[in-house]
Every structure is written in structure tokens, then in C-alpha cells.
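Peer 1: Take this structure first; my questions come after.
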Amino acid sequence: MDETIKSAKEGDHLAFAILFKENYPFLVKYLMKITMNPDMAEELAQETMAKCVQKLHLYNGQSKFSTWLISIATNTYIDQCRKKKREKNWLGQEETFRKMKWHFESRNEEWNDAMEALGKMPEEIRVPIILKHYYGYSYEEIGEMLKISPGTVKSRVHNGIISVRKELKIDEEMEGYTSRKRTNGFEGL
Amino acid sequence: MKKWKVIPLESEQMDLKDYRAIDEINRGLEQIDQFPVYTPDIQWFEQMITVQKQLSMKKLVKDFTVFILIALFILSGIIVSLYHNPFIFIVLQIPVIVFIASYTGMRFVKKVNEA
């Protein structure tokens with residue numbers, strides 16, 4: 001285990017602070033991707049760190065510290081979504097990611113259709129897709145993080161990708177391309 | 001030798017479609033990584049840790065006190081009923097068992113539904 005983590009576990013506040021400072025941008029950016037809301041990401045990052053202070057003694061060093069942070073952050077986010085839905089305080093995802101869209105536009109960056117599709121998805125599908133295809137975690141690791149079976153993760157990722165394909169009209173585009181290719185191929189024979 | 005045109009099979013095409021969708025997603029997400037994130041200074045983190053540790057200590061003391069008080073209340077009730085009115089003591093066992101069984105069952109059903 002890393003020396004800083006060891007010192008933090010022994011109660012060294014400075015080591016703890018260094019550890020958090022090093023991982024803070026990574027954590028906020030991860031939360032921005034899954035929440036699609038910069039304000040909520042910062043709020044959740046602080047809540048995640050507060051939980052880490054209480055739970056650090058449970059960290060066994062088997063996974064990377066960042067993976068452990070991601071796992072706590074993800075569960076904190078999912079709990080918050082459930083709570084908001086229960087309280088009927090749910091604004092809807094489109095309302096939530098409007099600010100993110102604005103951030104993209106203010107930086108002259110393109111808010112692509114895939115982001116739009118990802119933003120419209122429920123969090124239980126969006127989170128596994130990001131963890132699998134952007135961060136490269138295995139289905140088993142994601143299952144452990146979300147406390148669901150690897151098979152469930154796999155089907156959620158698969159269904160999510162299919163809905164992105166539909167939203168981006170990739171299937172129609174590629175079928176058109178293949179039929180054009182076939183026609184050209186037959187003409188060439 | 002005749003050069004054959006390669007037409008992708010359905011599964012291959014499926015992979016290609018998935019690959020394109022994943023590529024689009026990753027391109028969007030990469031842009032989020034370019035966003036500047038303000039990181040507070042080390043003192044802020046130290047202060048946050050101190051406050052959190054104080055809060056968790058307070059919570060521990062509060063939970064422990066509540067636990068001891070409730071335990072003492074229940075124990076004294078049981079002892080009083082056992083010595084002064086054993087019939088009530090025996091009758092009380094039935095609702096307690098029913099309550100524990102139904103509470104455990106409800107928690108289990110809730111967990112299964114959430115999963």
C-alpha cells in the first residue's frame with residue numbers, strides 16, 4: 001500500500017489532505033461525466049470525501065485508491081438519485097444536463113449527439129457505460145462497485161449502446177453504406 | 001489471383017456499429033476531461049478532515065448513548081413485568097416475535113426489490 005495511504009490510515013491529517021488533493025480533480029471529472037452537472041459533481045465530491053474519512057479503515061489496498069473513490073462516489077450519486085425520486089424532487093435528466101451543455105457551448109466545444117443520448121439515459125445505464133468504455137473497468141469490477149451481478153452490468157451496457165446507436169442513427173447510416181458498397185461491388189464484377 | 005471484396009458479416013457489422021457509438025461517447029467524455037476544475041488548497045482539505053472526524057465522533061457518542069438508554073429502558077420493563085406480573089411478560093413475547101419477523105421480512109423484500 002502507498003505510504004501516504006498508510007499514514008492517512010494511521011490518522012495523519014496532512015497525509016489524508018495530500019491524498020484528497022491529488023485525487024480531487026479526477027473525482028470531480030468522473031462525477032461530472034456521470035451526473036452531467038458540474039455543480040452536483042462538486043457537491044458529490046465533497047460528500048464522497050466526507051464518507052472516505054469515515055471509511056478509510058475499510059480500504060484494504062486491493063484496488064487502486066482512485067477505484068475505491070469512484071466506487072464510493074458512484075454509490076453516493078445513485079443513493080442521491082433514489083432519494084430525489086422518492087421525494088419527487090427529480091428535475092429530469094434533461095433539466096440537469098442543460099448547464100453542462102452551456103459549459104460546452106461557452107468553450108466553443110461541440111456537444112455531440114452521443115452526449116445528448118448519454119444524458120437522456122437513466123443513471124443505472126449511463127454509469128456502467130462510462131465505467132466500462134471510458135475508464136476500462138471489467139464487468140466484474142463494475143458489478144462489485146454497483147453491487148449488482150456482472151451479467152446485469154453486461155446487459156445494461158449492451159442496451160445502453162444500442163440506444164445510443166439508435167439515437168445517432170448509426171444502424172441506418174451503416175446499412176446504407178454497406179448496401180452502396182455491395183452495389184458497387186456487383187457492378188465491378 | 002482474384003481479389004475478393006470483403007463484405008462484413010452481420011456480427012462484424014454489429015461490432016463496428018457498437019465501436020462507432022462507443023467512439024462518439026468517448027469523444028464527448030474526453031471533452032469533459034478538458035474542463036478546468038478548481039482544487040482547493042491543502043488547508044481546506046485538512047480542515048474538512050478535522051470537521052468530519054469531529055462529526056463522526058459526536059455521532060458515535062450520540063448513537064451509543066441512545067443505544068444504552070433504550071437497552072436500559074427495555075431491560076427494566078422486562079425485569080419489572082417478570083417479577084410483578086409474569087402473565088404480561090409471557091403475553092408480551094408474542095407481539096415482539098411477530099414484530100421482529102415482519103420487520104426482517106419487510107427489509108428483505110425491500111432489498112430484493114431494490115436489487
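Each chain in the C-alpha cells gets a letter, A, B and so on, in the order shown; residues start at 1 in every chain, and ligands are counted from 1 in the order they appear.
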Each residue of chain B with at least one atom at most 10 Å from chain A should appear once, together with its nearest atom pair and the corresponding distance in Å (one decimal); atoms considered: only C-alpha atoms; ordering: chain, then increasing residue number; output as JSON lines.
Peer 2:
{"residue": "B:Trp4", "atom": "CA", "partner": "A:Gly185", "partner_atom": "CA", "distance": 9.5}
{"residue": "B:Lys5", "atom": "CA", "partner": "A:Gly185", "partner_atom": "CA", "distance": 7.0}
{"residue": "B:Val6", "atom": "CA", "partner": "A:Gly185", "partner_atom": "CA", "distance": 9.5}
{"residue": "B:Ile7", "atom": "CA", "partner": "A:Arg182", "partner_atom": "CA", "distance": 7.6}
{"residue": "B:Pro8", "atom": "CA", "partner": "A:Thr178", "partner_atom": "CA", "distance": 8.4}
{"residue": "B:Gln13", "atom": "CA", "partner": "A:Met174", "partner_atom": "CA", "distance": 8.3}
{"residue": "B:Met14", "atom": "CA", "partner": "A:Asp171", "partner_atom": "CA", "distance": 8.6}
{"residue": "B:Leu16", "atom": "CA", "partner": "A:Met174", "partner_atom": "CA", "distance": 8.9}
{"residue": "B:Lys17", "atom": "CA", "partner": "A:Ile170", "partner_atom": "CA", "distance": 6.4}
{"residue": "B:Asp18", "atom": "CA", "partner": "A:Ile161", "partner_atom": "CA", "distance": 6.5}
{"residue": "B:Tyr19", "atom": "CA", "partner": "A:Ile161", "partner_atom": "CA", "distance": 9.3}
{"residue": "B:Arg20", "atom": "CA", "partner": "A:Ile170", "partner_atom": "CA", "distance": 7.7}
{"residue": "B:Ala21", "atom": "CA", "partner": "A:Arg165", "partner_atom": "CA", "distance": 5.7}
{"residue": "B:Ile22", "atom": "CA", "partner": "A:His133", "partner_atom": "CA", "distance": 6.9}
{"residue": "B:Asp23", "atom": "CA", "partner": "A:His133", "partner_atom": "CA", "distance": 9.0}
{"residue": "B:Glu24", "atom": "CA", "partner": "A:Ala114", "partner_atom": "CA", "distance": 5.8}
{"residue": "B:Ile25", "atom": "CA", "partner": "A:Ala114", "partner_atom": "CA", "distance": 5.2}
{"residue": "B:Asn26", "atom": "CA", "partner": "A:Tyr134", "partner_atom": "CA", "distance": 6.1}
{"residue": "B:Arg27", "atom": "CA", "partner": "A:Asn112", "partner_atom": "CA", "distance": 8.5}
{"residue": "B:Gly28", "atom": "CA", "partner": "A:Met115", "partner_atom": "CA", "distance": 5.9}
{"residue": "B:Leu29", "atom": "CA", "partner": "A:Lys33", "partner_atom": "CA", "distance": 6.6}
{"residue": "B:Glu30", "atom": "CA", "partner": "A:Tyr134", "partner_atom": "CA", "distance": 8.7}
{"residue": "B:Gln31", "atom": "CA", "partner": "A:Glu109", "partner_atom": "CA", "distance": 7.8}
{"residue": "B:Ile32", "atom": "CA", "partner": "A:Lys33", "partner_atom": "CA", "distance": 6.9}
{"residue": "B:Asp33", "atom": "CA", "partner": "A:Lys29", "partner_atom": "CA", "distance": 6.1}
{"residue": "B:Gln34", "atom": "CA", "partner": "A:Lys29", "partner_atom": "CA", "distance": 9.0}
{"residue": "B:Phe35", "atom": "CA", "partner": "A:Lys29", "partner_atom": "CA", "distance": 8.0}
{"residue": "B:Pro36", "atom": "CA", "partner": "A:Pro25", "partner_atom": "CA", "distance": 8.7}
{"residue": "B:Val37", "atom": "CA", "partner": "A:Pro25", "partner_atom": "CA", "distance": 6.0}
{"residue": "B:Tyr38", "atom": "CA", "partner": "A:Pro25", "partner_atom": "CA", "distance": 7.7}
{"residue": "B:Thr39", "atom": "CA", "partner": "A:Pro25", "partner_atom": "CA", "distance": 6.6}
{"residue": "B:Pro40", "atom": "CA", "partner": "A:Lys21", "partner_atom": "CA", "distance": 7.6}
{"residue": "B:Asp41", "atom": "CA", "partner": "A:Lys21", "partner_atom": "CA", "distance": 7.5}
{"residue": "B:Ile42", "atom": "CA", "partner": "A:Ala17", "partner_atom": "CA", "distance": 6.0}
{"residue": "B:Gln43", "atom": "CA", "partner": "A:Ala17", "partner_atom": "CA", "distance": 7.8}
{"residue": "B:Trp44", "atom": "CA", "partner": "A:Ala17", "partner_atom": "CA", "distance": 8.3}
{"residue": "B:Phe45", "atom": "CA", "partner": "A:Ala17", "partner_atom": "CA", "distance": 5.0}
{"residue": "B:Glu46", "atom": "CA", "partner": "A:Ala17", "partner_atom": "CA", "distance": 5.2}
{"residue": "B:Gln47", "atom": "CA", "partner": "A:Ala17", "partner_atom": "CA", "distance": 8.8}
{"residue": "B:Met48", "atom": "CA", "partner": "A:Ala50", "partner_atom": "CA", "distance": 7.8}
{"residue": "B:Ile49", "atom": "CA", "partner": "A:Val53", "partner_atom": "CA", "distance": 6.6}
{"residue": "B:Thr50", "atom": "CA", "partner": "A:His13", "partner_atom": "CA", "distance": 7.6}
{"residue": "B:Val51", "atom": "CA", "partner": "A:Ala50", "partner_atom": "CA", "distance": 9.2}
{"residue": "B:Gln52", "atom": "CA", "partner": "A:Ala50", "partner_atom": "CA", "distance": 6.2}
{"residue": "B:Lys53", "atom": "CA", "partner": "A:Val53", "partner_atom": "CA", "distance": 7.1}
{"residue": "B:Leu55", "atom": "CA", "partner": "A:Gln54", "partner_atom": "CA", "distance": 9.8}
{"residue": "B:Ser56", "atom": "CA", "partner": "A:Gln54", "partner_atom": "CA", "distance": 7.1}
{"residue": "B:Met57", "atom": "CA", "partner": "A:Gln54", "partner_atom": "CA", "distance": 9.8}
{"residue": "B:Ala115", "atom": "CA", "partner": "A:Ile148", "partner_atom": "CA", "distance": 7.1}
Peer 1: Could you write out the selected residues, including N, CA and C atoms, as a short mmCIF file (atom, residue, chain, number, x, y, z; two decimals), in the first residue's frame?
Peer 2:
data_model
loop_
_atom_site.label_atom_id
_atom_site.label_comp_id
_atom_site.auth_asym_id
_atom_site.auth_seq_id
_atom_site.Cartn_x
_atom_site.Cartn_y
_atom_site.Cartn_z
N TRP B 4 -10.96 -10.66 -53.79
CA TRP B 4 -12.34 -10.66 -53.34
C TRP B 4 -12.64 -9.42 -52.52
N LYS B 5 -13.81 -8.91 -52.74
CA LYS B 5 -14.24 -7.78 -51.90
C LYS B 5 -14.73 -8.33 -50.59
N VAL B 6 -14.28 -7.77 -49.46
CA VAL B 6 -14.71 -8.29 -48.15
C VAL B 6 -15.96 -7.54 -47.69
N ILE B 7 -17.04 -8.31 -47.56
CA ILE B 7 -18.28 -7.70 -47.04
C ILE B 7 -18.43 -8.13 -45.59
N PRO B 8 -18.51 -7.20 -44.66
CA PRO B 8 -18.56 -7.61 -43.25
C PRO B 8 -19.79 -8.45 -42.92
N GLN B 13 -20.46 -6.41 -38.39
CA GLN B 13 -21.07 -5.10 -38.61
C GLN B 13 -21.62 -4.55 -37.29
N MET B 14 -22.16 -5.47 -36.49
CA MET B 14 -22.69 -5.10 -35.18
C MET B 14 -21.56 -4.51 -34.34
N LEU B 16 -18.87 -3.14 -35.42
CA LEU B 16 -18.50 -1.84 -35.99
C LEU B 16 -19.44 -0.73 -35.54
N LYS B 17 -20.74 -1.09 -35.49
CA LYS B 17 -21.74 -0.11 -35.06
C LYS B 17 -21.52 0.26 -33.60
N ASP B 18 -21.28 -0.79 -32.79
CA ASP B 18 -21.02 -0.54 -31.36
C ASP B 18 -19.77 0.32 -31.22
N TYR B 19 -18.76 -0.05 -31.99
CA TYR B 19 -17.48 0.66 -31.91
C TYR B 19 -17.68 2.15 -32.22
N ARG B 20 -18.50 2.42 -33.24
CA ARG B 20 -18.73 3.82 -33.61
C ARG B 20 -19.46 4.59 -32.50
N ALA B 21 -20.47 3.90 -31.92
CA ALA B 21 -21.23 4.54 -30.83
C ALA B 21 -20.30 4.82 -29.65
N ILE B 22 -19.45 3.83 -29.30
CA ILE B 22 -18.54 3.99 -28.15
C ILE B 22 -17.54 5.11 -28.44
N ASP B 23 -17.09 5.16 -29.69
CA ASP B 23 -16.13 6.19 -30.07
C ASP B 23 -16.73 7.60 -29.91
N GLU B 24 -17.98 7.72 -30.34
CA GLU B 24 -18.68 9.02 -30.21
C GLU B 24 -18.82 9.41 -28.73
N ILE B 25 -19.19 8.41 -27.91
CA ILE B 25 -19.37 8.67 -26.47
C ILE B 25 -18.03 9.13 -25.88
N ASN B 26 -16.98 8.37 -26.19
CA ASN B 26 -15.67 8.70 -25.61
C ASN B 26 -15.16 10.08 -26.05
N ARG B 27 -15.49 10.45 -27.30
CA ARG B 27 -15.05 11.77 -27.76
C ARG B 27 -15.72 12.88 -26.94
N GLY B 28 -17.00 12.68 -26.66
CA GLY B 28 -17.73 13.66 -25.84
C GLY B 28 -17.18 13.70 -24.43
N LEU B 29 -16.94 12.50 -23.86
CA LEU B 29 -16.46 12.45 -22.47
C LEU B 29 -15.06 13.01 -22.32
N GLU B 30 -14.24 12.83 -23.37
CA GLU B 30 -12.87 13.38 -23.34
C GLU B 30 -12.90 14.90 -23.19
N GLN B 31 -13.92 15.51 -23.78
CA GLN B 31 -14.04 16.97 -23.68
C GLN B 31 -14.29 17.41 -22.25
N ILE B 32 -15.02 16.58 -21.51
CA ILE B 32 -15.27 16.92 -20.10
C ILE B 32 -13.95 16.91 -19.33
N ASP B 33 -13.06 15.99 -19.71
CA ASP B 33 -11.75 15.94 -19.05
C ASP B 33 -10.92 17.21 -19.26
N GLN B 34 -11.27 17.97 -20.30
CA GLN B 34 -10.53 19.22 -20.57
C GLN B 34 -11.05 20.38 -19.73
N PHE B 35 -12.19 20.17 -19.06
CA PHE B 35 -12.77 21.25 -18.25
C PHE B 35 -11.84 21.59 -17.10
N PRO B 36 -11.62 22.89 -16.84
CA PRO B 36 -10.78 23.23 -15.68
C PRO B 36 -11.54 22.97 -14.37
N VAL B 37 -10.87 22.33 -13.43
CA VAL B 37 -11.51 22.06 -12.14
C VAL B 37 -10.73 22.80 -11.06
N TYR B 38 -11.44 23.56 -10.26
CA TYR B 38 -10.76 24.30 -9.19
C TYR B 38 -10.53 23.35 -8.02
N THR B 39 -9.23 23.20 -7.64
CA THR B 39 -8.91 22.34 -6.50
C THR B 39 -8.56 23.22 -5.31
N PRO B 40 -9.28 23.07 -4.21
CA PRO B 40 -8.96 23.90 -3.03
C PRO B 40 -7.55 23.60 -2.49
N ASP B 41 -7.03 24.49 -1.64
CA ASP B 41 -5.67 24.26 -1.12
C ASP B 41 -5.67 23.21 -0.01
N ILE B 42 -4.45 22.82 0.37
CA ILE B 42 -4.28 21.71 1.32
C ILE B 42 -4.92 21.99 2.69
N GLN B 43 -4.91 23.28 3.12
CA GLN B 43 -5.50 23.64 4.41
C GLN B 43 -7.01 23.35 4.42
N TRP B 44 -7.63 23.60 3.29
CA TRP B 44 -9.07 23.37 3.19
C TRP B 44 -9.38 21.88 3.41
N PHE B 45 -8.54 21.04 2.78
CA PHE B 45 -8.75 19.59 2.93
C PHE B 45 -8.51 19.16 4.38
N GLU B 46 -7.44 19.73 5.00
CA GLU B 46 -7.13 19.37 6.39
C GLU B 46 -8.29 19.75 7.32
N GLN B 47 -8.81 20.95 7.08
CA GLN B 47 -9.93 21.43 7.90
C GLN B 47 -11.17 20.54 7.72
N MET B 48 -11.41 20.17 6.47
CA MET B 48 -12.56 19.32 6.17
C MET B 48 -12.42 17.97 6.91
N ILE B 49 -11.20 17.42 6.92
CA ILE B 49 -10.97 16.14 7.58
C ILE B 49 -11.19 16.27 9.09
N THR B 50 -10.67 17.35 9.68
CA THR B 50 -10.85 17.57 11.13
C THR B 50 -12.33 17.66 11.47
N VAL B 51 -13.07 18.45 10.67
CA VAL B 51 -14.51 18.63 10.93
C VAL B 51 -15.24 17.29 10.81
N GLN B 52 -14.91 16.53 9.77
CA GLN B 52 -15.57 15.23 9.57
C GLN B 52 -15.29 14.27 10.71
N LYS B 53 -14.03 14.27 11.19
CA LYS B 53 -13.69 13.36 12.29
C LYS B 53 -14.43 13.76 13.57
N LEU B 55 -17.31 15.32 13.66
CA LEU B 55 -18.73 14.97 13.46
C LEU B 55 -18.97 13.48 13.67
N SER B 56 -18.04 12.64 13.15
CA SER B 56 -18.28 11.20 13.30
C SER B 56 -18.11 10.77 14.75
N MET B 57 -17.23 11.44 15.50
CA MET B 57 -17.07 11.13 16.92
C MET B 57 -18.34 11.51 17.69
N ALA B 115 -32.67 -4.50 -5.60
CA ALA B 115 -31.68 -5.18 -6.45
C ALA B 115 -32.27 -5.42 -7.83
#
Peer 1: Neighbours of Leu27 of chain A within 8 Å (only C-alpha atoms; same-chain residues fewer than 5 positions away dropped), as a PyMOL selection string?
Peer 2: chain A and resi 45+66+69-70+73
